[in-house]
Every structure is written in C-alpha cells, then in structure tokens.
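The structure appears right after this line, and notes come after that.
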Amino acid sequence: MGKEAGEKDRYELERFALEIRRETIKELHSLGAGHIGGCMSMVELLAVLYGGILRVDAQNPGWEERDRLIVSKGHAGPAVYAALSLRGFFPLEKLDTLNRPGVNYQEE
C-alpha cells in the first residue's frame, strides 16, 4: 500500500511540476523576455515544496504560523509566481501582468 501511495504522490508532483513549467513559459512569452533556465531549474523544488511540504494557506496568506520560502535567485521569480498562482494565491490570468507597470504581486 505504501508504494502505491508513494507512486500517486510522485505522479501528482510530476503533474504539478509540468503545470508550473507550462505557466512559467506562458508568463515569459507574454512578457517577451526572461530567464528560462533560472526558472526551469527551480520547478521540481517548487513542486515538492508547494506540493505539500510548506505549511501555507492561500485563503489565509498572512497566517502567522505559515512557512516562508526565500528565493534569492530573482530570475526564478516567474516560476515562483506560477507555483503560487497554481496553489490559489492569485488568479492564473494575473501571470500575464508580470513586470508590467503598476503591478506588484507582493501586495496581493
């Protein structure tokens, strides 16, 4: 039974990683620029962390007990935003506004 559960979890994480990749590529295409390598190198890590390890709640993003992820590699930002969006922190459609004037994801 443990192996079946582990394979299901792995499949779900692989699926989540694929979704992060897809949304990140769409984001960068919409922007017309970006660092695809920096983003793609973080996808599996983001999928594992936001796929169940980090204690976060999209309905309560200011939760005091939440875990915090600090990513110092700024070029990976689009992948981080894609993962957050896929987890419900903001609508997917907002990813098209990345780095546009007047847009500040941190205020969300």
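Chain lettering (A, B, ...) mirrors the order of the structure tokens, residue numbering begins at 1 for each chain separately, and ligand numbering begins at 1 in order of display.
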For this session: Assign secondary structure with DSSP using the backbone only, and return the residues of chain A in alpha helix (DSSP H) as JSON, numbers by chain.
Result: {"A": [2, 3, 4, 5, 6, 7, 8, 9, 10, 11, 12, 13, 14, 15, 16, 17, 18, 19, 20, 21, 22, 23, 24, 25, 26, 27, 28, 29, 30, 31, 36, 37, 38, 39, 40, 43, 44, 45, 46, 47, 48, 77, 78, 79, 80, 81, 82, 83, 84, 85, 86]}
For this session: Tell me which protein, DNA and RNA residues are within 12 Å of Leu86 in chain A, counting only C-alpha atoms, leaving out same-chain ones fewer than 2 positions away, and put them as a PyMOL selection string.
Result: chain A and resi 15-24+46-47+50-51+58+79-84+88-95
Selected residues written out, N, CA, C and O atoms, as a CSV table (one decimal), in the first residue's frame:
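Result written to selection_17.csv:
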```
chain,number,residue,atom,x,y,z
A,15,ARG,N,3.0,16.1,-12.2
A,15,ARG,CA,2.0,16.8,-12.8
A,15,ARG,C,2.0,18.3,-12.4
A,15,ARG,O,1.9,19.2,-13.3
A,16,PHE,N,2.2,18.6,-11.2
A,16,PHE,CA,2.3,19.9,-10.7
A,16,PHE,C,3.5,20.6,-11.3
A,16,PHE,O,3.4,21.8,-11.7
A,17,ALA,N,4.7,19.9,-11.3
A,17,ALA,CA,5.9,20.5,-12.0
A,17,ALA,C,5.6,20.8,-13.4
A,17,ALA,O,6.0,21.9,-13.9
A,18,LEU,N,4.9,20.0,-14.1
A,18,LEU,CA,4.6,20.2,-15.5
A,18,LEU,C,3.7,21.5,-15.6
A,18,LEU,O,3.9,22.3,-16.5
A,19,GLU,N,2.7,21.6,-14.7
A,19,GLU,CA,1.9,22.8,-14.8
A,19,GLU,C,2.7,24.1,-14.5
A,19,GLU,O,2.5,25.1,-15.1
A,20,ILE,N,3.6,24.0,-13.5
A,20,ILE,CA,4.5,25.2,-13.2
A,20,ILE,C,5.3,25.5,-14.5
A,20,ILE,O,5.4,26.7,-14.8
A,21,ARG,N,5.9,24.5,-15.1
A,21,ARG,CA,6.6,24.8,-16.3
A,21,ARG,C,5.8,25.5,-17.4
A,21,ARG,O,6.2,26.5,-18.0
A,22,ARG,N,4.6,24.9,-17.6
A,22,ARG,CA,3.7,25.5,-18.7
A,22,ARG,C,3.3,26.9,-18.4
A,22,ARG,O,3.4,27.8,-19.2
A,23,GLU,N,2.9,27.2,-17.1
A,23,GLU,CA,2.5,28.6,-16.8
A,23,GLU,C,3.7,29.5,-16.8
A,23,GLU,O,3.6,30.7,-17.2
A,24,THR,N,4.9,29.0,-16.4
A,24,THR,CA,6.1,29.9,-16.5
A,24,THR,C,6.4,30.3,-17.9
A,24,THR,O,6.7,31.4,-18.2
A,46,LEU,N,10.1,23.7,-6.4
A,46,LEU,CA,8.9,24.4,-6.1
A,46,LEU,C,7.7,23.4,-6.0
A,46,LEU,O,6.8,23.5,-5.2
A,47,ALA,N,7.7,22.4,-6.9
A,47,ALA,CA,6.6,21.5,-7.0
A,47,ALA,C,6.6,20.7,-5.7
A,47,ALA,O,5.5,20.4,-5.1
A,50,TYR,N,5.7,23.4,-2.6
A,50,TYR,CA,4.3,23.9,-2.6
A,50,TYR,C,3.3,22.7,-2.9
A,50,TYR,O,2.1,22.9,-2.7
A,51,GLY,N,3.9,21.5,-3.2
A,51,GLY,CA,3.0,20.4,-3.4
A,51,GLY,C,2.7,19.7,-2.0
A,51,GLY,O,2.0,18.7,-2.1
A,58,ALA,N,-3.5,29.5,1.0
A,58,ALA,CA,-3.9,30.5,0.0
A,58,ALA,C,-5.1,31.4,0.5
A,58,ALA,O,-5.2,32.5,0.1
A,79,ALA,N,8.7,31.5,-12.1
A,79,ALA,CA,8.4,30.1,-11.7
A,79,ALA,C,7.7,30.1,-10.3
A,79,ALA,O,6.8,29.4,-10.0
A,80,VAL,N,8.2,30.9,-9.4
A,80,VAL,CA,7.7,31.1,-8.0
A,80,VAL,C,6.2,31.6,-8.1
A,80,VAL,O,5.3,31.0,-7.5
A,81,TYR,N,6.0,32.6,-8.9
A,81,TYR,CA,4.7,33.2,-9.1
A,81,TYR,C,3.7,32.2,-9.8
A,81,TYR,O,2.6,32.1,-9.4
A,82,ALA,N,4.2,31.4,-10.7
A,82,ALA,CA,3.4,30.3,-11.3
A,82,ALA,C,3.0,29.3,-10.3
A,82,ALA,O,1.8,28.9,-10.2
A,83,ALA,N,3.9,28.9,-9.4
A,83,ALA,CA,3.6,27.9,-8.4
A,83,ALA,C,2.5,28.5,-7.4
A,83,ALA,O,1.6,27.8,-7.1
A,84,LEU,N,2.8,29.7,-7.0
A,84,LEU,CA,1.8,30.4,-6.1
A,84,LEU,C,0.4,30.5,-6.7
A,84,LEU,O,-0.6,30.3,-6.1
A,88,GLY,N,-3.4,28.8,-5.8
A,88,GLY,CA,-4.6,29.6,-5.4
A,88,GLY,C,-4.3,30.9,-4.8
A,88,GLY,O,-5.2,31.6,-4.3
A,89,PHE,N,-3.1,31.4,-4.7
A,89,PHE,CA,-2.8,32.6,-4.1
A,89,PHE,C,-3.2,33.9,-4.9
A,89,PHE,O,-3.5,34.9,-4.3
A,90,PHE,N,-3.4,33.7,-6.2
A,90,PHE,CA,-4.0,34.7,-7.1
A,90,PHE,C,-4.3,34.0,-8.4
A,90,PHE,O,-3.8,33.0,-8.7
A,91,PRO,N,-5.2,34.7,-9.2
A,91,PRO,CA,-5.7,34.0,-10.4
A,91,PRO,C,-4.6,33.8,-11.4
A,91,PRO,O,-3.7,34.7,-11.6
A,92,LEU,N,-4.6,32.7,-12.2
A,92,LEU,CA,-3.6,32.4,-13.2
A,92,LEU,C,-3.6,33.6,-14.2
A,92,LEU,O,-2.5,33.9,-14.7
A,93,GLU,N,-4.7,34.2,-14.5
A,93,GLU,CA,-4.7,35.2,-15.5
A,93,GLU,C,-3.8,36.4,-15.2
A,93,GLU,O,-3.3,37.1,-16.0
A,94,LYS,N,-3.5,36.6,-13.9
A,94,LYS,CA,-2.7,37.7,-13.4
A,94,LYS,C,-1.2,37.4,-13.8
A,94,LYS,O,-0.4,38.4,-13.9
A,95,LEU,N,-0.8,36.2,-14.1
A,95,LEU,CA,0.6,35.9,-14.5
A,95,LEU,C,0.9,36.7,-15.8
A,95,LEU,O,2.1,37.0,-15.9
```
Exercise. Which residues, written as a list in words, have at least one atom at most 8 Å from His75 in chain A, with only C-alpha atoms counted and residues fewer than 2 positions away on the same chain left out?
Worked result: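 Selected residues are Gly34, His35, Gly38, Cys39, Lys73, Gly77 and Pro78 of chain A.
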With C-alpha atoms kept, could you save the residues just selected as a compact mmCIF listing (two decimals), in the first residue's frame?
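Produced file part-v7.txt, reproduced below:
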```txt
# COMPACT_ATOMS: atom_id res chain seq x y z
CA GLY A 34 13.03 36.38 -19.07
CA HIS A 35 15.48 33.79 -17.90
CA GLY A 38 16.77 30.13 -13.99
CA CYS A 39 13.06 29.40 -13.83
CA LYS A 73 17.67 33.91 -7.32
CA GLY A 77 10.59 34.73 -9.86
CA PRO A 78 8.26 33.79 -12.72
```
For this session: Quick one: pull the distance between CA of Glu7 in chain A and CA of Arg55 in chain A, Å, one decimal.
Result: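 Taking CA of Glu7 in chain A as the start and CA of Arg55 in chain A as the end point, the length is 22.2 Å.
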Exercise. Distance CA of Asp9 in chain A-CA of Val43 in chain A, one decimal place?
Worked result: 16.2 Å
For this session: Go through A:Tyr11, A:His29, A:Ile70, A:Arg87 one by one, measure the shortest atom-to-atom distance of each to Asp57 in chain A using only C-alpha atoms, and give the residue with the smallest value.
Result: A:Arg87
Exercise. Between CA of Leu28 in chain A and CA of Asn60 in chain A, what is the spacing in Å?
Worked result: 27.9 Å
